[in-house]
file run16.txt (compact mmCIF, C-alpha atoms)
# COMPACT_ATOMS: atom_id res chain seq x y z
CA MET A 1 -13.98 25.83 54.54
CA PRO A 2 -11.10 24.51 56.72
CA PRO A 3 -11.08 25.88 60.27
CA THR A 4 -7.72 27.55 59.67
CA VAL A 5 -9.11 29.67 56.86
CA ASP A 6 -12.05 30.51 59.07
CA LEU A 7 -9.70 31.62 61.84
CA PHE A 8 -7.57 33.50 59.33
CA GLU A 9 -10.56 35.53 58.24
CA LYS A 10 -11.68 36.15 61.81
CA MET A 11 -8.24 37.33 62.85
CA LEU A 12 -7.25 39.34 59.81
CA LEU A 13 -10.26 40.57 57.82
CA PRO A 14 -11.16 43.08 60.57
CA HIS A 15 -7.89 44.85 59.73
CA LEU A 16 -8.76 45.37 56.07
CA GLY A 17 -9.34 49.09 56.68
CA ALA A 18 -5.86 49.55 58.16
CA ALA A 19 -4.29 47.45 55.38
CA TYR A 20 -6.01 49.43 52.65
CA ASN A 21 -5.24 52.80 54.19
CA LEU A 22 -1.53 51.94 54.47
CA ALA A 23 -1.40 50.56 50.92
CA ARG A 24 -3.25 53.60 49.61
CA TRP A 25 -0.86 56.05 51.28
CA LEU A 26 2.12 54.06 50.03
CA THR A 27 1.00 53.52 46.42
CA HIS A 28 -0.82 56.87 45.95
CA ASN A 29 -3.39 55.09 43.84
CA ALA A 30 -6.66 53.31 44.63
CA HIS A 31 -6.28 50.61 42.02
CA ASP A 32 -2.72 49.73 43.02
CA ALA A 33 -3.70 49.79 46.70
CA GLU A 34 -6.40 47.20 46.04
CA ASP A 35 -3.93 44.99 44.17
CA VAL A 36 -1.37 45.25 46.97
CA VAL A 37 -3.98 44.49 49.65
CA GLN A 38 -5.38 41.47 47.82
CA GLU A 39 -1.93 40.07 47.21
CA SER A 40 -1.05 40.72 50.85
CA TYR A 41 -4.00 38.67 52.09
CA LEU A 42 -3.05 35.76 49.85
CA LYS A 43 0.55 35.97 51.07
CA ALA A 44 -0.62 36.23 54.67
CA LEU A 45 -2.75 33.11 54.26
CA ARG A 46 0.25 31.18 52.96
CA SER A 47 2.31 32.09 56.00
CA PHE A 48 -0.55 32.02 58.51
CA HIS A 49 1.00 28.95 60.17
CA THR A 50 3.72 31.27 61.50
CA PHE A 51 1.13 33.55 63.07
CA ARG A 52 0.78 33.34 66.83
CA VAL A 53 -2.78 33.93 67.88
CA GLU A 54 -1.82 36.07 70.85
CA ALA A 55 0.17 38.34 68.52
CA ASP A 56 -1.27 41.57 67.18
CA GLY A 57 -3.06 40.64 63.95
CA ARG A 58 -3.05 44.19 62.66
CA ALA A 59 0.72 44.58 63.08
CA TRP A 60 1.31 41.18 61.52
CA LEU A 61 -0.89 41.96 58.52
CA LEU A 62 0.58 45.43 58.00
CA LYS A 63 4.05 43.92 57.92
CA VAL A 64 2.89 41.68 55.07
CA VAL A 65 1.28 44.69 53.33
CA ARG A 66 4.50 46.65 53.63
CA ASN A 67 6.61 43.80 52.22
CA THR A 68 4.14 43.24 49.40
CA PHE A 69 4.23 46.94 48.61
CA TYR A 70 8.02 47.00 48.34
CA THR A 71 7.97 43.97 46.03
CA TRP A 72 5.30 45.70 43.97
CA LEU A 73 7.38 48.89 43.93
CA GLN A 74 10.38 47.05 42.53
CA ARG A 75 8.23 45.64 39.77
CA ASN A 76 6.65 48.99 38.96
CA ARG A 77 9.35 51.45 39.82
CA ASP A 78 8.06 54.76 38.73
CA HIS A 79 9.76 58.09 39.11
CA ARG A 80 6.87 59.62 41.00
CA LEU A 81 7.38 57.12 43.81
CA SER A 82 11.13 56.89 43.90
CA THR A 83 12.44 59.00 46.68
CA ASN A 84 15.89 59.31 48.02
CA LEU A 85 16.29 60.66 51.51
CA ALA A 86 19.60 62.23 50.52
CA ASP A 87 17.74 64.39 48.01
CA GLU A 88 15.64 66.01 50.68
CA PRO A 89 18.11 67.66 53.06
CA GLN A 90 16.42 71.04 53.01
CA TYR A 91 13.50 69.68 55.02
CA ALA A 92 15.31 67.26 57.27
CA ASP A 93 17.12 69.79 59.40
CA GLY A 94 15.59 73.09 58.41
CA ALA A 95 12.71 73.27 60.85
CA SER A 96 12.90 75.98 63.41
CA LEU A 97 11.69 75.94 66.96
CA ASP A 98 10.03 79.29 66.44
CA PRO A 99 6.29 78.69 66.67
CA GLU A 100 5.62 81.61 64.34
CA ALA A 101 7.32 79.74 61.54
CA VAL A 102 5.43 76.57 62.17
CA LEU A 103 1.99 77.96 61.41
CA ILE A 104 0.30 74.68 62.14
CA LYS A 105 -2.77 76.52 63.24
CA ALA A 106 -3.18 77.86 59.73
CA ALA A 107 -2.84 74.41 58.22
CA SER A 108 -5.98 73.01 56.73
CA LEU A 109 -6.71 69.32 56.38
CA GLU A 110 -6.23 69.75 52.68
CA SER A 111 -2.72 71.11 53.12
CA VAL A 112 -1.84 68.36 55.61
CA HIS A 113 -3.07 65.79 53.12
CA LYS A 114 -0.92 67.27 50.39
CA ALA A 115 2.16 67.61 52.60
CA LEU A 116 1.88 64.01 53.80
CA LYS A 117 1.33 62.80 50.25
CA ASP A 118 4.50 64.56 49.11
CA LEU A 119 6.65 63.26 51.98
CA PRO A 120 9.42 60.86 51.00
CA LEU A 121 8.16 57.29 51.18
CA GLU A 122 10.38 56.36 54.14
CA TYR A 123 8.90 59.21 56.17
CA ARG A 124 5.35 58.70 55.00
CA GLU A 125 5.23 55.07 56.04
CA VAL A 126 6.45 55.63 59.60
CA LEU A 127 4.04 58.52 60.09
CA VAL A 128 1.07 56.50 58.83
CA LEU A 129 2.01 53.66 61.20
CA ARG A 130 2.54 56.03 64.11
CA GLU A 131 -0.25 58.59 63.68
CA PHE A 132 -2.99 56.65 61.90
CA GLU A 133 -2.46 53.27 63.50
CA GLY A 134 -1.01 54.38 66.83
CA PHE A 135 1.78 51.79 66.87
CA SER A 136 4.64 52.17 69.34
CA TYR A 137 8.22 52.63 68.11
CA LYS A 138 8.89 49.00 68.97
CA GLN A 139 5.94 47.78 66.92
CA ILE A 140 6.92 50.00 63.98
CA ALA A 141 10.46 48.61 64.20
CA GLU A 142 9.05 45.08 63.96
CA ILE A 143 6.66 45.92 61.12
CA SER A 144 9.29 47.65 59.05
CA ASP A 145 12.34 45.52 59.97
CA LEU A 146 14.26 48.56 61.16
CA PRO A 147 16.29 49.15 64.33
CA ILE A 148 14.25 51.10 66.88
CA GLY A 149 16.73 53.98 66.78
CA THR A 150 16.14 54.38 63.05
CA VAL A 151 12.39 54.42 63.61
CA MET A 152 12.84 57.10 66.25
CA SER A 153 14.93 59.37 64.03
CA ARG A 154 12.74 58.80 60.98
CA ILE A 155 9.62 59.79 62.87
CA SER A 156 11.34 62.88 64.18
CA ARG A 157 12.63 63.87 60.74
CA ALA A 158 9.28 63.05 59.16
CA ARG A 159 7.54 65.51 61.48
CA ARG A 160 10.12 68.20 60.77
CA ASP A 161 9.77 67.67 57.06
CA LEU A 162 5.99 67.78 57.32
CA ARG A 163 6.06 70.98 59.37
CA ALA A 164 8.46 72.59 56.90
CA ARG A 165 6.18 71.69 54.00
CA LEU A 166 3.14 73.06 55.80
CA SER A 167 4.98 76.22 56.68
CA ASP A 168 6.11 76.67 53.03
CA ALA A 169 2.58 76.11 51.83
CA ALA A 170 1.18 78.61 54.32
CA GLN A 171 3.76 81.21 53.32
CA LYS A 172 2.94 80.76 49.64
CA VAL A 173 -0.71 81.33 50.40
CA GLY A 174 0.18 84.40 52.46
CA GLN A 175 2.26 86.00 49.71
CA MET B 1 16.68 70.38 80.96
CA ASN B 2 17.42 73.07 78.38
CA CYS B 3 15.56 73.92 75.17
CA GLU B 4 17.91 71.87 73.01
CA GLU B 5 17.35 68.74 75.07
CA PHE B 6 13.64 69.46 75.04
CA ASN B 7 13.68 69.69 71.29
CA GLY B 8 15.64 66.46 71.00
CA LEU B 9 13.19 64.57 73.18
CA HIS B 10 10.00 66.12 71.92
CA ASP B 11 9.03 63.31 69.55
CA LEU B 12 9.59 60.75 72.27
CA TYR B 13 7.39 62.84 74.52
CA ILE B 14 4.41 63.10 72.22
CA ASP B 15 4.79 59.46 71.23
CA GLU B 16 4.71 58.45 74.89
CA GLU B 17 8.08 56.74 74.62
CA LEU B 18 9.78 58.61 77.49
CA ASP B 19 10.54 56.92 80.77
CA ALA B 20 8.85 58.33 83.88
CA ALA B 21 11.89 60.23 85.19
CA ARG B 22 12.52 62.05 81.92
CA MET B 23 8.82 62.67 81.51
CA LEU B 24 8.82 64.67 84.77
CA GLU B 25 11.83 66.75 83.73
CA PHE B 26 10.22 67.28 80.38
CA GLN B 27 6.95 68.50 81.80
CA ARG B 28 8.77 70.82 84.19
CA HIS B 29 10.62 72.46 81.28
CA ARG B 30 7.46 72.64 79.21
CA GLU B 31 5.67 74.50 81.98
CA CYS B 32 8.36 77.15 82.48
CA CYS B 33 9.49 77.79 78.88
CA PRO B 34 6.83 79.55 76.77
CA ASN B 35 8.73 78.99 73.50
CA CYS B 36 9.00 75.26 73.99
CA GLN B 37 5.43 75.08 75.17
CA ALA B 38 4.20 76.82 72.03
CA PHE B 39 6.26 74.45 69.91
CA SER B 40 4.86 71.49 71.78
CA VAL B 41 1.29 72.74 71.37
CA SER B 42 1.75 73.20 67.64
CA ASP B 43 3.07 69.64 67.34
CA GLU B 44 0.05 68.38 69.20
CA GLU B 45 -2.19 70.33 66.86
CA LEU B 46 -0.44 68.79 63.90
CA ARG B 47 -1.06 65.39 65.42
CA GLN B 48 -4.76 66.19 65.84
CA LEU B 49 -4.91 67.08 62.16
CA LEU B 50 -3.06 63.93 61.15
CA ARG B 51 -5.42 61.80 63.15
CA SER B 52 -8.54 63.24 61.65
CA PRO B 53 -10.61 60.49 60.05
CA SER B 54 -10.91 62.36 56.77
CA LEU B 55 -7.22 61.69 56.07
CA ARG B 56 -7.88 57.95 56.14
CA PHE B 57 -8.72 56.22 52.92
CA GLU B 58 -11.78 54.02 53.10
CA HIS B 59 -11.54 50.74 51.24
CA PRO B 60 -14.08 50.01 48.50
CA ARG B 61 -17.10 48.19 49.83
CA ASP B 62 -16.64 45.11 47.70
CA LEU B 63 -12.96 44.62 48.53
CA GLU B 64 -13.69 42.46 51.55
CA GLU B 65 -15.96 40.23 49.47
CA ARG B 66 -13.33 39.89 46.79
CA ILE B 67 -10.66 38.96 49.32
CA HIS B 68 -13.01 36.52 51.00
CA ALA B 69 -13.67 34.88 47.64
CA ALA B 70 -9.98 34.79 46.77
CA ILE B 71 -8.88 33.15 50.01
CA GLY B 72 -11.94 31.01 50.64
CA HIS B 73 -12.37 29.43 47.24
CA SER B 74 -8.92 29.94 45.77
CA GLN B 75 -10.49 32.14 43.17
CA LEU B 76 -8.29 34.71 41.62
CA PRO B 77 -8.83 38.34 42.29
CA GLN B 78 -9.92 40.35 39.29
CA LYS B 79 -6.89 41.83 37.65
CA PRO B 80 -6.90 45.27 36.10
CA GLU B 81 -6.98 45.46 32.32
CA PRO B 82 -3.49 45.15 30.85
CA VAL B 83 -3.87 48.43 28.95
CA ARG B 84 -3.94 50.40 32.17
CA LYS B 85 -0.37 49.61 33.00
CA PRO B 86 1.91 49.14 30.01
CA PHE B 87 4.27 47.28 32.34
CA PHE B 88 1.97 44.26 32.43
CA ARG B 89 1.83 42.45 29.13
CA PRO B 90 -1.08 40.02 28.76
CA ARG B 91 1.26 37.04 28.67
CA MET B 92 3.00 38.11 31.84
CA MET B 93 -0.35 38.71 33.47
CA ALA B 94 -1.44 35.20 32.58
CA ALA B 95 1.77 33.66 33.89
CA PHE B 96 1.52 35.64 37.10
CA ALA B 97 -2.15 34.74 37.50
CA GLY B 98 -1.33 31.08 36.87
CA ALA B 99 1.43 31.10 39.46
CA LEU B 100 -0.87 32.75 41.99
CA LEU B 101 -3.59 30.19 41.32
CA ILE B 102 -1.18 27.28 41.78
CA LEU B 103 0.23 28.81 44.95
CA SER B 104 -3.19 29.39 46.46
CA LEU B 105 -4.32 25.87 45.57
CA LEU B 106 -1.16 24.41 47.10
CA SER B 107 -1.59 26.45 50.23
CA MET B 108 -5.20 25.34 50.57
CA LEU B 109 -4.15 21.69 50.24
CA MET B 110 -1.41 22.11 52.81
CA LEU B 111 -3.73 23.84 55.22
CA ARG B 112 -6.27 21.03 54.88
CA GLN B 113 -3.66 18.39 55.64
CA VAL B 114 -2.35 20.21 58.66
CA SER B 115 -5.80 20.70 60.06
CA ARG B 116 -6.65 17.02 59.58
CA SER B 117 -3.55 15.67 61.31
CA ARG B 118 -3.85 17.67 64.50
CA SER B 119 -7.54 18.16 64.36
CA VAL B 120 -8.71 17.67 67.93
CA GLN B 121 -6.00 19.72 69.58
CA GLN B 122 -6.47 22.41 66.98
CA GLU B 123 -10.23 22.39 67.41
CA VAL B 124 -9.80 22.71 71.15
CA VAL B 125 -7.48 25.70 70.82
CA SER B 126 -9.64 27.32 68.15
CA SER B 127 -12.64 26.94 70.39
CA HIS B 128 -10.72 28.53 73.24
CA ILE B 129 -9.77 31.46 71.02
CA ARG B 130 -13.27 31.83 69.62
CA SER B 131 -14.71 31.88 73.11
CA LEU B 132 -12.43 34.82 73.91
CA MET B 133 -12.91 36.64 70.61
CA ALA B 134 -16.61 36.35 70.15
CA ASP B 135 -17.17 37.32 73.75
CA HIS B 136 -19.00 34.05 74.12
CA LEU B 137 -17.18 32.69 77.09
CA THR B 138 -20.05 31.45 79.18
CA ASP B 139 -23.70 30.47 78.76
CA VAL B 140 -24.11 30.11 82.49
CA VAL B 141 -22.24 32.64 84.59
CA SER B 142 -21.67 31.52 88.13
CA SER B 143 -18.86 30.83 90.52
CA ASP B 144 -21.08 28.29 92.29
CA ARG B 145 -20.54 24.75 91.10
CA HIS B 146 -24.04 23.84 92.33
CA THR B 147 -25.41 26.26 89.74
CA VAL B 148 -23.06 25.36 86.90
CA LYS B 149 -23.30 21.57 87.14
CA PRO B 150 -27.14 21.29 87.00
CA TRP B 151 -27.17 23.74 84.09
CA PHE B 152 -25.61 21.06 81.87
CA SER B 153 -28.21 18.41 82.66
CA GLY B 154 -30.68 18.01 79.83
CA LYS B 155 -28.27 19.75 77.47
CA ILE B 156 -25.67 17.00 77.22
CA ASP B 157 -25.82 13.28 77.93
CA PHE B 158 -23.18 13.26 80.66
CA ALA B 159 -22.55 15.08 83.91
CA PRO B 160 -19.22 16.93 83.87
CA ALA B 161 -17.28 17.11 87.11
CA VAL B 162 -17.38 20.73 88.27
CA LYS B 163 -14.79 21.56 90.91
CA ASP B 164 -14.59 24.64 93.03
CA LEU B 165 -10.94 25.73 92.92
CA GLN B 166 -11.37 29.18 94.45
CA ALA B 167 -9.04 28.31 97.33
CA GLU B 168 -6.37 27.10 94.89
CA GLY B 169 -6.47 30.40 93.02
CA PHE B 170 -8.58 29.28 90.07
CA PRO B 171 -12.08 30.74 90.63
CA LEU B 172 -14.86 29.27 88.51
CA LYS B 173 -16.36 31.74 86.06
CA GLY B 174 -19.07 29.64 84.45
CA GLY B 175 -19.73 27.14 81.72
CA ARG B 176 -21.01 26.75 78.20
CA LEU B 177 -21.83 24.12 75.62
CA ASP B 178 -19.43 23.60 72.78
CA TYR B 179 -19.12 21.20 69.89
CA LEU B 180 -15.79 19.48 69.36
CA ASP B 181 -14.56 16.34 67.65
CA GLY B 182 -18.13 15.48 66.71
CA HIS B 183 -19.46 15.70 70.30
CA ALA B 184 -21.43 18.14 72.32
CA VAL B 185 -18.94 18.90 75.07
CA ALA B 186 -18.90 20.73 78.36
CA ALA B 187 -16.64 23.75 78.58
CA LEU B 188 -15.90 25.07 82.06
CA VAL B 189 -14.25 28.43 82.39
CA TYR B 190 -11.86 29.18 85.23
CA LEU B 191 -9.84 32.31 85.86
CA ARG B 192 -6.23 32.75 86.84
CA HIS B 193 -5.73 36.44 87.55
CA GLN B 194 -6.88 38.01 84.28
CA HIS B 195 -6.31 34.86 82.22
CA LYS B 196 -9.03 32.46 81.18
CA ILE B 197 -8.73 28.72 81.28
CA ASN B 198 -11.12 26.62 79.24
CA LEU B 199 -11.55 23.05 80.46
CA PHE B 200 -13.28 20.86 77.89
CA SER B 201 -14.57 17.42 78.77
CA TRP B 202 -16.55 14.73 77.02
CA PRO B 203 -17.07 10.95 77.33
CA SER B 204 -14.55 8.96 75.38
CA PRO B 205 -14.10 5.19 75.60
CA VAL B 206 -10.31 5.21 75.83
CA ALA B 207 -7.89 3.95 78.47
CA ASP B 208 -6.77 6.41 81.12
CA SER B 209 -3.78 8.46 80.06
CA PRO B 210 -1.65 10.79 82.18
CA PRO B 211 -1.71 14.54 81.47
CA LYS B 212 0.49 15.60 78.59
CA LEU B 213 1.47 19.18 77.87
CA SER B 214 1.76 20.61 74.39
CA ASN B 215 1.79 24.01 72.85
CA GLU B 216 -0.47 25.08 70.05
CA ARG B 217 -0.19 28.53 68.49
CA GLY B 218 1.26 29.93 71.70
CA TYR B 219 -1.37 28.41 73.98
CA ASN B 220 -0.56 25.77 76.54
CA VAL B 221 -2.73 22.68 76.21
CA ILE B 222 -2.88 19.76 78.64
CA HIS B 223 -4.76 16.65 77.64
CA TRP B 224 -5.57 13.64 79.77
CA ALA B 225 -8.13 10.85 79.98
CA GLN B 226 -9.64 9.59 83.17
CA ALA B 227 -12.59 7.31 83.94
CA SER B 228 -13.67 7.20 80.26
CA MET B 229 -13.66 10.96 80.00
CA SER B 230 -11.43 13.00 77.76
CA TYR B 231 -10.16 16.30 79.22
CA TRP B 232 -8.48 19.25 77.52
CA ALA B 233 -7.31 22.32 79.44
CA VAL B 234 -6.30 25.31 77.32
CA SER B 235 -5.00 28.69 78.39
CA ASP B 236 -2.39 31.36 77.92
CA VAL B 237 -1.26 31.00 81.56
CA SER B 238 2.24 29.58 82.06
CA ALA B 239 2.78 25.85 81.68
CA GLN B 240 3.50 25.59 85.40
CA GLU B 241 0.22 27.24 86.34
CA LEU B 242 -1.69 25.04 83.94
CA TRP B 243 -0.02 21.96 85.49
CA GLU B 244 -1.15 23.17 88.91
CA PHE B 245 -4.66 23.63 87.58
CA VAL B 246 -4.73 20.13 86.14
CA GLY B 247 -3.31 18.68 89.35
CA ASP B 248 -6.13 20.36 91.31
CA GLN B 249 -8.72 19.07 88.84
CA GLN B 250 -7.48 15.50 89.20
CA ARG B 251 -7.53 15.44 92.99
call {"tool": "encode", "arguments": {"input": "run16.txt", "output": "C-alpha cells"}}
result
Amino acid sequence: MPPTVDLFEKMLLPHLGAAYNLARWLTHNAHDAEDVVQESYLKALRSFHTFRVEADGRAWLLKVVRNTFYTWLQRNRDHRLSTNLADEPQYADGASLDPEAVLIKAASLESVHKALKDLPLEYREVLVLREFEGFSYKQIAEISDLPIGTVMSRISRARRDLRARLSDAAQKVGQ
Amino acid sequence: MNCEEFNGLHDLYIDEELDAARMLEFQRHRECCPNCQAFSVSDEELRQLLRSPSLRFEHPRDLEERIHAAIGHSQLPQKPEPVRKPFFRPRMMAAFAGALLILSLLSMLMLRQVSRSRSVQQEVVSSHIRSLMADHLTDVVSSDRHTVKPWFSGKIDFAPAVKDLQAEGFPLKGGRLDYLDGHAVAALVYLRHQHKINLFSWPSPVADSPPKLSNERGYNVIHWAQASMSYWAVSDVSAQELWEFVGDQQR
C-alpha cells in the first residue's frame, strides 16, 4: 500500500463515526448514509493531495461528506427531504422568551430526536455540526461554504425552530 | 444590556463566540434578570439533551472494513440491490460502478507516481507526522547529549552528531530509531516552544550540499549533506526558526 494511502487512513478513518453520524442525520436513512460515507471516502482520497496535514482532518472530511450528500440529494431528490426555509416561517420567529413556553425540561430525548429529525435540512446540518461535533462558527462556515454571518443566523433560527417544535410537542402531550 | 440585546446575543454566548468585553456585560445581565436567566438555563438544558450520546448514530461495525477495502485495493463498495431504489436502473448502476472503478484506479496510479518522485522528502515528513501522531516521538528521553548519543551505539552503524542547543533556544528532547530511504536512521528530537523538530541523519556517500528549504504538506523541511552524512530537519516552526536551527546544527 503506498504511504499516502496509509497516511490517508491514519488521518481520516478515525473520523468515520463523525462522518456517518452527519450522513445519517442528513439522509435520514442508514443505507443511504453508508453509501454517502463510502463515496465520500473515495472522493476524499482523490483530493487528498490538497489536504494539509496540520489541518483538522475531521472538518476536512465532513466538508467532503456534506458535498457528497448534496450531490446525492440532487440525484435522489425526494419530497421527504426537500425543504424550503421560506415554507417554515411559523417556527423561525415564533419562539418566545417566556421560559414557561419553552418547556425544555419536559422534553425527552425521544422528542428531541424527533424535533431534530423534522428540522429543515439547512437547520439540521448546522446544529449537528455545532452541537454534535462542537465546531466553531468559523469552522462550520468553512465546512458548509457559507458566510459566517449566515452560519450565525442559521444556528440561532435552528434553535428557535427546535424549541418551538419541542414546545408544540409538549403541549400536544399535555392536552 | 437590555433583554432584547441579551436575546440577540444568546446563541453567541452559549456557542462561546462572544468577545471578552461583551461576555462580561452578558453575564452581568444574566445575573440580574431572572427571565433571561431562565431562558438561558433552558437553552443550556436543550444543549445537554442534544449532546447526549444516544442521539448519535453509530456506524455499522463492518463499514470501516468496507471503506478500507475500497480505498486500499480499489475494490468497489457493495452497492444496494437495484430494486430498493427504483431510481437506480441496473444499467445506470453498472455505468456508475464502472466510472467509480476507473476513477479509483486512476487515483491509485497517480498517488503511486507522486509518492515515487518525491519519495525521500515525503518519507521524512510522513515519519515526522507519524512520530507526533502515534505518540512515538522518542525511544530515549533525555536532554543530555551524553545520554542520547551513546544510546544509538549498537543500534545503528554510525554515530550521529548530537548537539546541545539549549542556549540557542532549541532544547534536546531525546532520540529514536527510524527507518527511511532503506536505512536505519537516527532521529533527534528538539523543541522550539511547543513545537517539535525532528532531525534525521544517516550516512550517504554524496558530495556536500548547502541547506535547501522546501515545504511539504505545510511542514518546513531543510535538507543538507555534510561530511558524507545526509541531514533532514522537519518541523512546523517558521522557516526562519528552522534556518536558525540548521545554522546552529552546522556550527
call {"tool": "atom_distance", "arguments": {"input": "run16.txt", "atom1": "CA of Phe152 in chain B", "atom2": "CA of Leu199 in chain B"}}
result
14.3 Å
call {"tool": "atom_distance", "arguments": {"input": "run16.txt", "atom1": "CA of Glu9 in chain A", "atom2": "CA of Ile71 in chain B"}}
result
8.7 Å
call {"tool": "atom_distance", "arguments": {"input": "run16.txt", "atom1": "CA of Leu242 in chain B", "atom2": "CA of Val206 in chain B"}}
result
23.1 Å
call {"tool": "closest_residue", "arguments": {"input": "run16.txt", "among": "B:Arg251, B:His183, B:Arg217, B:Lys196", "to": "chain A", "atoms": "only C-alpha atoms"}}
result
B:Arg217
call {"tool": "closest_atom_pairs", "arguments": {"input": "run16.txt", "of": "chain B", "to": "chain A", "cutoff": "7 Å", "atoms": "only C-alpha atoms", "output": "JSON lines"}}
result
{"residue": "B:Asp11", "atom": "CA", "partner": "A:Ser156", "partner_atom": "CA", "distance": 5.9}
{"residue": "B:Ala38", "atom": "CA", "partner": "A:Pro99", "partner_atom": "CA", "distance": 6.0}
{"residue": "B:Phe39", "atom": "CA", "partner": "A:Pro99", "partner_atom": "CA", "distance": 5.3}
{"residue": "B:Ser42", "atom": "CA", "partner": "A:Ile104", "partner_atom": "CA", "distance": 5.9}
{"residue": "B:Glu45", "atom": "CA", "partner": "A:Ile104", "partner_atom": "CA", "distance": 6.9}
{"residue": "B:Leu46", "atom": "CA", "partner": "A:Ile104", "partner_atom": "CA", "distance": 6.2}
{"residue": "B:Leu49", "atom": "CA", "partner": "A:Leu109", "partner_atom": "CA", "distance": 6.5}
{"residue": "B:Leu50", "atom": "CA", "partner": "A:Glu131", "partner_atom": "CA", "distance": 6.5}
{"residue": "B:Arg51", "atom": "CA", "partner": "A:Phe132", "partner_atom": "CA", "distance": 5.8}
{"residue": "B:Leu55", "atom": "CA", "partner": "A:His113", "partner_atom": "CA", "distance": 6.5}
{"residue": "B:Arg56", "atom": "CA", "partner": "A:Asn21", "partner_atom": "CA", "distance": 6.1}
{"residue": "B:Phe57", "atom": "CA", "partner": "A:Asn21", "partner_atom": "CA", "distance": 5.0}
{"residue": "B:Glu58", "atom": "CA", "partner": "A:Gly17", "partner_atom": "CA", "distance": 6.6}
{"residue": "B:His59", "atom": "CA", "partner": "A:Tyr20", "partner_atom": "CA", "distance": 5.9}
{"residue": "B:Ile67", "atom": "CA", "partner": "A:Gln38", "partner_atom": "CA", "distance": 6.0}
{"residue": "B:Ile71", "atom": "CA", "partner": "A:Leu42", "partner_atom": "CA", "distance": 6.4}
{"residue": "B:Gly72", "atom": "CA", "partner": "A:Met1", "partner_atom": "CA", "distance": 6.8}
{"residue": "B:Ser107", "atom": "CA", "partner": "A:Arg46", "partner_atom": "CA", "distance": 5.8}
{"residue": "B:Arg112", "atom": "CA", "partner": "A:Pro2", "partner_atom": "CA", "distance": 6.2}
{"residue": "B:Arg217", "atom": "CA", "partner": "A:Arg52", "partner_atom": "CA", "distance": 5.2}
{"residue": "B:Gly218", "atom": "CA", "partner": "A:Arg52", "partner_atom": "CA", "distance": 6.0}
call {"tool": "residues_around", "arguments": {"input": "run16.txt", "residues": "Asp248 in chain B", "least_positions_apart": "6", "cutoff": "10 Å", "atoms": "only C-alpha atoms", "output": "PyMOL selection string"}}
result
chain B and resi 163-165+168+170+242
call {"tool": "residues_around", "arguments": {"input": "run16.txt", "residues": "Ile14 in chain B", "least_positions_apart": "4", "cutoff": "10 Å", "atoms": "only C-alpha atoms", "output": "PyMOL selection string"}}
result
chain B and resi 9-10+18+40+43-44+47
call {"tool": "residues_around", "arguments": {"input": "run16.txt", "residues": "Leu119 in chain A", "least_positions_apart": "6", "cutoff": "9 Å", "atoms": "all atoms listed in the file", "output": "PDB file with C-alpha atoms, in the frame of the given file"}}
result
ATOM      1  CA  THR A  83      12.440  59.000  46.680  1.00  0.00           C
ATOM      2  CA  ALA A 158       9.280  63.050  59.160  1.00  0.00           C
ATOM      3  CA  ASP A 161       9.770  67.670  57.060  1.00  0.00           C
ATOM      4  CA  LEU A 162       5.990  67.780  57.320  1.00  0.00           C
ATOM      5  CA  ARG A 165       6.180  71.690  54.000  1.00  0.00           C
TER       6      ARG A 165
END
call {"tool": "residues_around", "arguments": {"input": "run16.txt", "residues": "range 31-33 of chain B", "least_positions_apart": "4", "cutoff": "12 Å", "atoms": "all atoms listed in the file", "output": "PyMOL selection string"}}
result
chain B and resi 1-4+6-7+24-27+37-41
call {"tool": "residues_around", "arguments": {"input": "run16.txt", "residues": "Ala227 in chain B", "least_positions_apart": "2", "cutoff": "7 Å", "atoms": "all atoms listed in the file", "output": "count of residues only"}}
result
3
